[in-house]
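**Q** Let me give you the structure first, and then I'll get to my questions.
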Amino acid sequence: MKTFRNLFPEEIDQLQRQGCASSSWDDVWVAAGFDPLRVKNVTFSGVNYLGRFSGEIDFPGGVKKKTGIYNALLHNCRTGDEVFISNIRNYVANYDIGDRVVIENSDLLAVEGETAFGNGTMVDVLDELGGRQLMIYDRLSAHLAYIMAFYRHRDQLQEVMERLIRDYSARVRSNRGYIGAETRIASCSQLINVRIGEGAVITGASRLREGSINSNRHAPVIIGPGVVADHFIISSGAEVSDSAVLSNCFVGQGCILTRHYSATHSLFFSNCQGISGEACSVFAGPFTVTHHKSTLLIAGMFSFLNAGSGSNQSNHMYKLGPIHHGIVERGSKTTSDSYLLWPAKIGPFTLVMGRHHKNSDTANMPFSYLVENNDESWLVPGINLRSVGTIRDAMKWPRRDKRKDPDLLDCINFNLLSPYTIQRMIRGRKILRQLQQIAGKTTETYTWETTFISRSSLERGITLYGMAITKFLGNSVISRIEKMKPASWTQLKACLEPQSAVGCGDWIDLAGLIAPKSEIARLTGRLEAGGVGSLAEVEQFFGELHTRYYELEWSWAARLLEEELEKPLAALTPDDLTGLIRHWQESVIGLDRMLYEDAKKEFTLNAMTGFGIDGDGQTKEQDFLKVRGTFEKNTFVTEILEHIRRKGDLGDRIIHLLEELQKTEKE
């Protein structure tokens with residue numbers, strides 16, 4: 001602990017000559033090396049502790065300023081070493097201020113009474129009337145929030161989780177605030193009951209009240225001009241700027257909310273982006289993105305979403321108020337001017353186009369188009385599996401992960417094909433076959449739920465789902481063989497046996513964490529029984545589950561392998577696996593060729609419209625070539641071709657291995 005002393009009489013005289021005053025100089029304590037020349041026009045009240053001021057701090061443009069306190073009023077504050085506090089129009093009260101902190105040209109920074117700094121704030125997520133209300137705290141993950149929001153029917157579970165968060169909030173409750181080392185606060189109006197971590201940059205904020213800014217040196221938080229935030233928590237690496245307005249919100253790691261974005265009673269988890277639009281009672285799972293002023297997200301759960309301009313939803317029918325909510329599962333997109341009537345549930349990786357005035361449920365038809373035609377909803381099952389945009393999205397998400405903090409709050413699984421999506425395809429394929437069987441193969445239009453499906457779309461959907469299921473299964477088998485490196489057929493069959501039965505049942509997506517439903521049931525059961533004593537244990541459970549993903553995935557894939565080949569693992573022959581690998585090659589290469597053809601559409605003459613604005617056809621092509629390049633040299637196209645080559649070689653290599661193992665077994 002740093003030692004402090006009282007001021008010497010000559011230091012008090014020096015301070016008074018420099019315009020300083022104190023209600024009691026005996027209550028001003030200073031550290032060794034204190035220089036009174038660095039404190040000018042400062043009024044002290046209450047008990048204050050001052051650090052050492054001897055160096056300089058760099059400012060933009062090559063400007064250097066001497067550390068110290070100038071033109072300010074400090075009440076009950078403790079400053080670290082080498083701080084720069086200057087031109088405080090009102091006062092700074094009840095704050096512990098870390099080393100090398102800059103606070104300048106600001107109005108008011110104060111802690112008034114006891115506060116938990118946003119922890120324990122209630123957020124009316126999904127239901128504006130509070131039916132799914134939950135508490136936020138510093139380390140809230142998307143997965144715990146998922147359980148709190150959607151398992152409301154488990155009263156004991158809710159009571160336990162609320163108690164754990166209340167206990168955490170009580171531990172951080174204080175009548176003193178904290179500003180972490182190397183934080184910079186400039187030209188701000190009011191910061192009231194706000195706790196700030198290390199390295200934060202807060203410039204021009206209008207009002208920050210009752211919140212935590214959980215910045216750290218690995219992932220600083222940026223708060224920009226005009227921001228108004230009340231009852232909030234902002235996680236490491238996030239940026240809230242340019243007159244964004246937040247009320248009762250949690251902002252996750254790496255999020256960006258800017259350009260007048262407005263949000264109330266909403267949760268934004270890792271890497272969300274809200275630009276210019278509006279959110280109300282939204283559960284925004286990882287990578288939920290909206291970039292348009294005309295877009296409203298309301299009372300919905302989203303993740304990996306790309307919301308087009310003018311996207312909108314309706315959560316009330318003017319009867320009992322805004323009580324309805326909707327689920328748009330991971331990877332979906334909404335086109336410009338799309339509309340969804342809640343309640344609705346949209347399956348994973350679905351493109352929503354047009355306005356849908358019926359309560360849609362397409363959960364068992366992933367990778368589809370949901371389009372409007374003559375005021376009716378039409379479904380095109382599985383068509384997104386052949387869309388180059390879907391694959392591009394899956395590739396870009398890991399690259400756009402902005403989280404720099406080594407302590408990650410959300411466990412994010414980026415896999416496009418997983419037990420979660422494949423089980424939906426299996427159900428979807430079964431539904432399509434049943435529709436075909438009941439209505440007949442020659443029927444031109446099928447009806448399912450609140451949608452219509454054309455005959456060609458249905459037939460293509462069955463084919464696409466089959467190809468994707470085979471692709472996933474082949475991927476899993478090949479990965480297992482390559483990981484285990486069997487030296488004989490006996491060893492190969494042994495390595496195909498799952499190590500555990502965990503994962504064999506249904507899988508769910510807890511806003512980024514893909515996991516067996518049985519394991520989540522185990523966690524919730526332990527919570528209800530009092531077997532989990534802290535929020536840290538819950539975090540650890542999610543982390544371990546995420547780490548074990550591929551082990552648990554194989555347990556599920558092994559059962560699927562038995563179903564697809566219609567025999568137990570112990571009875572598999574080399575011919576069975578060879579046939580599977582050849583089918584896998586056909587499916588992978590077939591899907592890639594569909595992607596190749598889809599990408600080619602971006603290089604047709606129609607795509608050149610608007611190029612070569614003042615020239616002829618040749619100028620148009622030349623302009624297009626300069627801007628877009630050639631189809632053959634497009635990076636994504638070359639990646640597709642390389643993927644086809646690589647997967648073909650991989651399949652051949654595994655087939656050769658199976659043949660060699662079979663020879664060894666016979667010998």
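Each chain of the structure tokens is named A, B, ... in the order shown, its residues numbered from 1; ligands are numbered from 1 in display order.
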Which residues come within 10 Å of region 56-60 of chain A, counting only C-alpha atoms, excluding same-chain residues fewer than 5 positions away, as a PyMOL selection string?

**A** chain A and resi 65-68+82-84+100-102

**Q** Please, what distance in Å, to one decimal, runs between CA of Ser262 (chain A) and CA of Arg176 (chain A)?

**A**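 CA of Ser262 (chain A) sits 29.4 Å away from CA of Arg176 (chain A).
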
**Q** Name the residues in contact with region 296-313 of chain A at a cut-off of 7 Å, using only C-alpha atoms, excluding same-chain residues fewer than 4 positions from it; report them as a ChimeraX atom specification.

**A** /A:125-127,277-290,292,325-342,511

**Q** Taking only residues of region 452-555 of chain A that have an atom at most 10 Å from an atom of region 579-585 of chain A, what is each one's shortest atom pair and its distance in Å to one decimal, using only C-alpha atoms, in chain and number order, as a tab-separated table?

**A**
residue	atom	partner	partner_atom	distance
A:Met467	CA	A:Trp584	CA	8.0
A:Ala468	CA	A:Trp584	CA	9.2
A:Ile469	CA	A:Trp584	CA	9.3
A:Thr470	CA	A:Trp584	CA	5.7
A:Lys471	CA	A:Trp584	CA	5.4
A:Phe472	CA	A:Trp584	CA	8.5
A:Leu473	CA	A:Trp584	CA	7.9
A:Gly474	CA	A:Trp584	CA	5.4
A:Asn475	CA	A:Trp584	CA	8.0
A:Val477	CA	A:Ile581	CA	8.7
A:Ile478	CA	A:Ile581	CA	8.2

**Q** Got time to write the residues from that selection, N, CA, C and O atoms, as a compact mmCIF listing (two decimals), in the first residue's frame?

**A**
# COMPACT_ATOMS: atom_id res chain seq x y z
N MET A 467 -27.62 -33.68 -49.64
CA MET A 467 -26.21 -33.40 -49.91
C MET A 467 -25.51 -32.81 -48.69
O MET A 467 -24.37 -33.18 -48.35
N ALA A 468 -26.20 -31.91 -47.99
CA ALA A 468 -25.60 -31.28 -46.81
C ALA A 468 -25.44 -32.28 -45.67
O ALA A 468 -24.42 -32.25 -44.94
N ILE A 469 -26.41 -33.15 -45.50
CA ILE A 469 -26.31 -34.18 -44.45
C ILE A 469 -25.12 -35.10 -44.73
O ILE A 469 -24.33 -35.41 -43.84
N THR A 470 -24.97 -35.49 -45.99
CA THR A 470 -23.84 -36.34 -46.36
C THR A 470 -22.51 -35.61 -46.18
O THR A 470 -21.52 -36.19 -45.72
N LYS A 471 -22.50 -34.32 -46.52
CA LYS A 471 -21.28 -33.53 -46.34
C LYS A 471 -20.88 -33.48 -44.87
O LYS A 471 -19.71 -33.70 -44.53
N PHE A 472 -21.83 -33.21 -44.00
CA PHE A 472 -21.52 -33.17 -42.57
C PHE A 472 -21.03 -34.52 -42.08
O PHE A 472 -20.03 -34.60 -41.35
N LEU A 473 -21.73 -35.56 -42.45
CA LEU A 473 -21.39 -36.90 -41.97
C LEU A 473 -20.00 -37.30 -42.45
O LEU A 473 -19.18 -37.83 -41.68
N GLY A 474 -19.71 -37.05 -43.72
CA GLY A 474 -18.39 -37.36 -44.26
C GLY A 474 -17.30 -36.56 -43.57
O GLY A 474 -16.22 -37.08 -43.25
N ASN A 475 -17.58 -35.26 -43.36
CA ASN A 475 -16.61 -34.43 -42.65
C ASN A 475 -16.28 -35.02 -41.28
O ASN A 475 -15.11 -35.07 -40.87
N VAL A 477 -16.66 -38.18 -40.17
CA VAL A 477 -15.95 -39.46 -40.25
C VAL A 477 -14.48 -39.24 -40.62
O VAL A 477 -13.57 -39.81 -40.00
N ILE A 478 -14.24 -38.39 -41.61
CA ILE A 478 -12.86 -38.15 -42.05
C ILE A 478 -12.05 -37.48 -40.94
O ILE A 478 -10.90 -37.85 -40.68

**Q** Between CA of Leu140 (chain A) and CA of Lys402 (chain A), measure the distance and give it in Å to one decimal.

**A**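 Interatomic distance here is 17.9 Å.
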
**Q** DSSP on the backbone: what in region 26-133 of chain A comes out helix (DSSP H, G or I), as a VMD selection string?

**A** chain A and resid 26 to 27 36 to 38 60 to 62

**Q** For the interface of region 60-144 of chain A with region 249-259 of chain A (cut-off 12 Å, counting only C-alpha atoms), please tabulate each contacting residue of region 60-144 of chain A alongside its nearest pair of atoms and their separation in Å to one decimal, rows sorted by chain and increasing number, as CSV.

**A**
residue,atom,partner,partner_atom,distance
A:Gly118,CA,A:Phe250,CA,9.1
A:Asn119,CA,A:Phe250,CA,9.9
A:Gly120,CA,A:Phe250,CA,11.1
A:Thr121,CA,A:Cys249,CA,8.6
A:Met122,CA,A:Cys249,CA,9.0
A:Val123,CA,A:Cys249,CA,6.9
A:Asp124,CA,A:Cys249,CA,9.6
A:Val125,CA,A:Cys249,CA,9.4
A:Leu134,CA,A:Cys249,CA,11.1
A:Met135,CA,A:Phe250,CA,9.8
A:Ile136,CA,A:Phe250,CA,6.8
A:Tyr137,CA,A:Phe250,CA,8.2
A:Asp138,CA,A:Phe250,CA,8.7
A:Arg139,CA,A:Gly252,CA,9.1
A:Leu140,CA,A:Phe250,CA,8.3
A:Ser141,CA,A:Gly252,CA,8.2
A:Ala142,CA,A:Gly252,CA,8.7

**Q** Please dump the current selection as a compact mmCIF listing (two decimals), in the first residue's frame; keep all heavy atoms.

**A**
# COMPACT_ATOMS: atom_id res chain seq x y z
N GLY A 118 -24.73 -0.34 -12.42
CA GLY A 118 -25.45 -1.03 -13.49
C GLY A 118 -25.70 -2.50 -13.23
O GLY A 118 -26.58 -3.10 -13.86
N ASN A 119 -24.96 -3.12 -12.33
CA ASN A 119 -25.17 -4.53 -12.01
C ASN A 119 -26.51 -4.69 -11.28
O ASN A 119 -26.84 -3.91 -10.38
CB ASN A 119 -24.04 -5.05 -11.14
CG ASN A 119 -22.76 -5.21 -11.92
OD1 ASN A 119 -22.55 -6.22 -12.59
ND2 ASN A 119 -21.89 -4.20 -11.85
N GLY A 120 -27.27 -5.71 -11.69
CA GLY A 120 -28.59 -5.92 -11.13
C GLY A 120 -29.69 -5.15 -11.83
O GLY A 120 -30.86 -5.26 -11.46
N THR A 121 -29.33 -4.36 -12.86
CA THR A 121 -30.34 -3.63 -13.64
C THR A 121 -31.28 -4.63 -14.32
O THR A 121 -30.84 -5.63 -14.90
CB THR A 121 -29.66 -2.76 -14.71
OG1 THR A 121 -28.96 -1.70 -14.07
CG2 THR A 121 -30.69 -2.16 -15.67
N MET A 122 -32.57 -4.36 -14.27
CA MET A 122 -33.56 -5.22 -14.92
C MET A 122 -33.77 -4.77 -16.36
O MET A 122 -33.94 -3.58 -16.63
CB MET A 122 -34.88 -5.17 -14.17
CG MET A 122 -34.78 -5.56 -12.69
SD MET A 122 -34.14 -7.23 -12.42
CE MET A 122 -35.47 -8.23 -13.05
N VAL A 123 -33.75 -5.73 -17.26
CA VAL A 123 -33.94 -5.46 -18.68
C VAL A 123 -35.18 -6.23 -19.17
O VAL A 123 -35.24 -7.45 -19.03
CB VAL A 123 -32.70 -5.88 -19.50
CG1 VAL A 123 -32.95 -5.67 -20.99
CG2 VAL A 123 -31.48 -5.09 -19.05
N ASP A 124 -36.13 -5.50 -19.72
CA ASP A 124 -37.36 -6.12 -20.24
C ASP A 124 -37.11 -6.62 -21.65
O ASP A 124 -37.60 -6.07 -22.64
CB ASP A 124 -38.51 -5.10 -20.24
CG ASP A 124 -38.86 -4.63 -18.84
OD1 ASP A 124 -38.60 -5.37 -17.89
OD2 ASP A 124 -39.37 -3.50 -18.70
N VAL A 125 -36.34 -7.69 -21.75
CA VAL A 125 -35.96 -8.21 -23.06
C VAL A 125 -37.12 -9.01 -23.66
O VAL A 125 -37.89 -9.66 -22.94
CB VAL A 125 -34.68 -9.07 -22.93
CG1 VAL A 125 -34.95 -10.35 -22.17
CG2 VAL A 125 -34.09 -9.37 -24.30
N LEU A 134 -34.93 -9.82 -17.10
CA LEU A 134 -33.77 -10.47 -16.50
C LEU A 134 -32.79 -9.42 -16.00
O LEU A 134 -32.82 -8.26 -16.40
CB LEU A 134 -33.09 -11.42 -17.49
CG LEU A 134 -32.57 -10.89 -18.83
CD1 LEU A 134 -31.18 -10.26 -18.69
CD2 LEU A 134 -32.51 -12.01 -19.86
N MET A 135 -31.89 -9.87 -15.10
CA MET A 135 -30.88 -8.99 -14.53
C MET A 135 -29.59 -9.09 -15.34
O MET A 135 -29.20 -10.17 -15.78
CB MET A 135 -30.56 -9.41 -13.09
CG MET A 135 -31.61 -9.10 -12.08
SD MET A 135 -31.00 -9.57 -10.43
CE MET A 135 -32.45 -9.21 -9.46
N ILE A 136 -28.91 -7.96 -15.47
CA ILE A 136 -27.60 -7.97 -16.12
C ILE A 136 -26.51 -7.79 -15.06
O ILE A 136 -26.77 -7.27 -13.97
CB ILE A 136 -27.48 -6.88 -17.20
CG1 ILE A 136 -27.67 -5.48 -16.61
CG2 ILE A 136 -28.49 -7.14 -18.32
CD1 ILE A 136 -27.43 -4.36 -17.63
N TYR A 137 -25.33 -8.26 -15.38
CA TYR A 137 -24.18 -8.03 -14.51
C TYR A 137 -22.92 -8.02 -15.39
O TYR A 137 -22.98 -8.31 -16.59
CB TYR A 137 -24.10 -9.09 -13.41
CG TYR A 137 -23.65 -10.46 -13.85
CD1 TYR A 137 -22.35 -10.91 -13.58
CD2 TYR A 137 -24.50 -11.32 -14.54
CE1 TYR A 137 -21.93 -12.17 -13.97
CE2 TYR A 137 -24.09 -12.57 -14.94
CZ TYR A 137 -22.80 -13.00 -14.65
OH TYR A 137 -22.39 -14.25 -15.05
N ASP A 138 -21.78 -7.67 -14.78
CA ASP A 138 -20.57 -7.41 -15.54
C ASP A 138 -20.20 -8.52 -16.52
O ASP A 138 -19.74 -8.25 -17.63
CB ASP A 138 -19.38 -7.20 -14.59
CG ASP A 138 -19.45 -5.87 -13.88
OD1 ASP A 138 -19.90 -4.89 -14.49
OD2 ASP A 138 -19.07 -5.82 -12.69
N ARG A 139 -20.36 -9.77 -16.12
CA ARG A 139 -19.85 -10.90 -16.90
C ARG A 139 -20.99 -11.71 -17.55
O ARG A 139 -20.83 -12.90 -17.82
CB ARG A 139 -18.98 -11.80 -16.02
CG ARG A 139 -17.76 -11.07 -15.46
CD ARG A 139 -16.86 -12.03 -14.68
NE ARG A 139 -16.43 -13.14 -15.51
CZ ARG A 139 -15.42 -13.10 -16.36
NH1 ARG A 139 -14.74 -11.97 -16.53
NH2 ARG A 139 -15.09 -14.16 -17.07
N LEU A 140 -22.09 -11.08 -17.81
CA LEU A 140 -23.21 -11.78 -18.42
C LEU A 140 -22.81 -12.35 -19.78
O LEU A 140 -22.27 -11.65 -20.63
CB LEU A 140 -24.40 -10.83 -18.60
CG LEU A 140 -25.67 -11.43 -19.20
CD1 LEU A 140 -26.27 -12.48 -18.27
CD2 LEU A 140 -26.68 -10.33 -19.50
N SER A 141 -23.07 -13.63 -19.99
CA SER A 141 -22.84 -14.25 -21.30
C SER A 141 -24.16 -14.41 -22.04
O SER A 141 -25.24 -14.41 -21.43
CB SER A 141 -22.19 -15.63 -21.13
OG SER A 141 -23.11 -16.55 -20.56
N ALA A 142 -24.06 -14.55 -23.35
CA ALA A 142 -25.27 -14.75 -24.16
C ALA A 142 -25.97 -16.04 -23.74
O ALA A 142 -27.21 -16.12 -23.79
CB ALA A 142 -24.88 -14.81 -25.64

**Q** Can you pull out the residues contacting Arg52 (chain A)? Cut-off 12 Å, using only C-alpha atoms, and skip same-chain residues under 5 positions away; I want them as a VMD selection string.

**A** chain A and resid 2 to 4 29 to 39 66 to 69 78 to 84 98 to 100

**Q** Using only C-alpha atoms, which of A:Gly46, A:Gly211, A:Pro574, A:Gly61 sits nearest Leu657 (chain A)?

**A**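 Result for the nearest residue to Leu657 (chain A): A:Pro574.
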
**Q** Hey, what does DSSP flag as strand (DSSP E) within region 194-333 of chain A? Can you give it to me as a PyMOL selection string?

**A** chain A and resi 194-196+201-203+207-213+222-223+228-234+239-240+245-251+256-258+262-268+273-275+278-280+283-284+289-290+296-298+300-302+306-307+312-314+326-328+333

**Q** Which distance in Å separates CA of Ala363 (chain A) and CA of Arg400 (chain A), to one decimal?

**A**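 Separating CA of Ala363 (chain A) from CA of Arg400 (chain A) is a distance of 26.8 Å.
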
**Q** Nearest residue to Glu553 (chain A) out of A:Ile422, A:Ile196, A:Met161, A:Ile85, using only C-alpha atoms?

**A** A:Ile422
